[in-house]
Amino acid sequence: MRAVQCGPGLGWRAVGARFLTVLAALLVLLALITPNRLQELEPAAFVRLPLEAVVYLAVVLALPPSLGRVRALLALAAGVVLGLTAVFKFLDVGFLEALNRPFDAVIDWRYAGSLVELVRDSFGEGLGTALLVVAALAAVALLVLLPLSVLRVTRVAARHRGPASKAVAALASLWLVLAVLDVRVGGGTLASRDTAGYVYGQVSRIPSELRDQQQFAEAAEEDPLRRVAAQELLTGLRGKDVLFVFVES
């Protein structure tokens, strides 16, 4: 029997593969724990153990090896959701700073044109356009890289099922202990589940907002004063001084 020797090229390839896996895991971790408020972006905010990662790994490791395609589809779906969540968080940062409210996925898309004009007016035509292009490329990169990163981490965990299962069990136990003891760093709990709550909040409010828009449209169509002549409206204000006050915050 001849011993098989690994050449230097194969060694560097293995190192590169491990490096990519570490980068993929870090990207997924950052997407899970990055806050959506600018004032919360401090080093302590990134010292978190996200429950979502532990639960996801437990689920994919519980799938039998024969369901590799299902595992891959699950990884891509989770990556897309995580990518959208990361994009929405960055949009929240901008909206909270500019409008003092988070981004609304239902109604705020209509302000895209106004946002483009605002950025160009604030930073100039050239720099504003460059910033918009960079922001668009960053959003696309997140939507592409995060699904690929989740898929890579999933495949590595599936190939090393034994050690990965032990690591997930240890992390789950650690998360439970941290949650029970309410261990905090920088005002936030180490046992994090913020992303799950964020996604639930984003999704759960969509039906009510769509229903509100429909009710508003129906109410606007049933205007009881539609057939009243313009000169007959607000007759009680004739001959009086009227003051219109606009408060912009």
# chains A, B, ... in the order shown; residues from 1 in each chain; ligands from 1
$ residues_around --residues "Val180 of chain A" --least-positions-apart "6" --cutoff "12 Å" --atoms "only C-alpha atoms" --output "MDAnalysis selection string"
chainID A and resid 173:174 189:191
$ write_last_selection --atoms "C-alpha atoms" --output "short mmCIF file (atom, residue, chain, number, x, y, z; two decimals), in the first residue's frame"
data_model
loop_
_atom_site.label_atom_id
_atom_site.label_comp_id
_atom_site.auth_asym_id
_atom_site.auth_seq_id
_atom_site.Cartn_x
_atom_site.Cartn_y
_atom_site.Cartn_z
CA SER A 173 -26.57 25.00 27.31
CA LEU A 174 -24.48 28.15 27.51
CA THR A 189 -28.16 40.46 27.24
CA LEU A 190 -25.49 38.03 26.10
CA ALA A 191 -28.19 35.47 25.34
#
$ residues_around --residues "Pro50 of chain A" --least-positions-apart "5" --cutoff "12 Å" --atoms "only C-alpha atoms" --output "MDAnalysis selection string"
chainID A and resid 28:34 45 55:57 168 171:172 174:176 178:179 189:197
$ atom_distance --atom1 "atom CA of Gly126 of chain A" --atom2 "atom CA of Leu96 of chain A"
25.2 Å
$ residues_around --residues "Leu74 of chain A" --least-positions-apart "6" --cutoff "10 Å" --atoms "only C-alpha atoms" --output "list in words"
Tyr56, Val59, Val60, Gly68, Val80, Pro147, Val150, Leu151 and Thr154 of chain A
$ write_last_selection --atoms "N, CA and C atoms" --output "PDB file, in the first residue's frame"
ATOM      1  N   TYR A  56     -30.983  27.089  14.423  1.00  0.00           N
ATOM      2  CA  TYR A  56     -30.839  26.709  13.015  1.00  0.00           C
ATOM      3  C   TYR A  56     -29.889  25.525  12.860  1.00  0.00           C
ATOM      4  N   VAL A  59     -31.465  22.328  13.906  1.00  0.00           N
ATOM      5  CA  VAL A  59     -32.443  21.817  12.941  1.00  0.00           C
ATOM      6  C   VAL A  59     -31.751  21.136  11.768  1.00  0.00           C
ATOM      7  N   VAL A  60     -30.740  21.786  11.194  1.00  0.00           N
ATOM      8  CA  VAL A  60     -30.093  21.206  10.012  1.00  0.00           C
ATOM      9  C   VAL A  60     -29.302  19.956  10.372  1.00  0.00           C
ATOM     10  N   GLY A  68     -29.958  15.937   1.872  1.00  0.00           N
ATOM     11  CA  GLY A  68     -28.993  16.997   1.615  1.00  0.00           C
ATOM     12  C   GLY A  68     -29.569  18.138   0.805  1.00  0.00           C
ATOM     13  N   VAL A  80     -31.502  34.067   2.632  1.00  0.00           N
ATOM     14  CA  VAL A  80     -32.255  35.167   2.015  1.00  0.00           C
ATOM     15  C   VAL A  80     -32.977  35.987   3.086  1.00  0.00           C
ATOM     16  N   PRO A 147     -26.845  34.281   1.846  1.00  0.00           N
ATOM     17  CA  PRO A 147     -27.288  32.919   1.523  1.00  0.00           C
ATOM     18  C   PRO A 147     -26.130  31.963   1.248  1.00  0.00           C
ATOM     19  N   VAL A 150     -24.491  31.126   4.672  1.00  0.00           N
ATOM     20  CA  VAL A 150     -25.285  30.161   5.445  1.00  0.00           C
ATOM     21  C   VAL A 150     -25.166  28.771   4.833  1.00  0.00           C
ATOM     22  N   LEU A 151     -25.182  28.697   3.513  1.00  0.00           N
ATOM     23  CA  LEU A 151     -25.046  27.405   2.842  1.00  0.00           C
ATOM     24  C   LEU A 151     -23.690  26.776   3.139  1.00  0.00           C
ATOM     25  N   THR A 154     -23.586  25.556   6.718  1.00  0.00           N
ATOM     26  CA  THR A 154     -24.452  24.375   6.838  1.00  0.00           C
ATOM     27  C   THR A 154     -23.760  23.130   6.309  1.00  0.00           C
TER      28      THR A 154
END
$ closest_residue --among "A:Leu73, A:Val93, A:Ala53, A:Val119" --to "Gln39 of chain A" --atoms "only C-alpha atoms"
A:Val93
$ closest_residue --among "A:Ala24, A:Val47, A:Val185, A:Ala58" --to "Gly162 of chain A" --atoms "only C-alpha atoms"
A:Ala58
$ atom_distance --atom1 "atom CA of Leu146 of chain A" --atom2 "atom CA of Leu76 of chain A"
8.6 Å
$ atom_distance --atom1 "atom CA of Glu209 of chain A" --atom2 "atom CA of Tyr111 of chain A"
16.7 Å
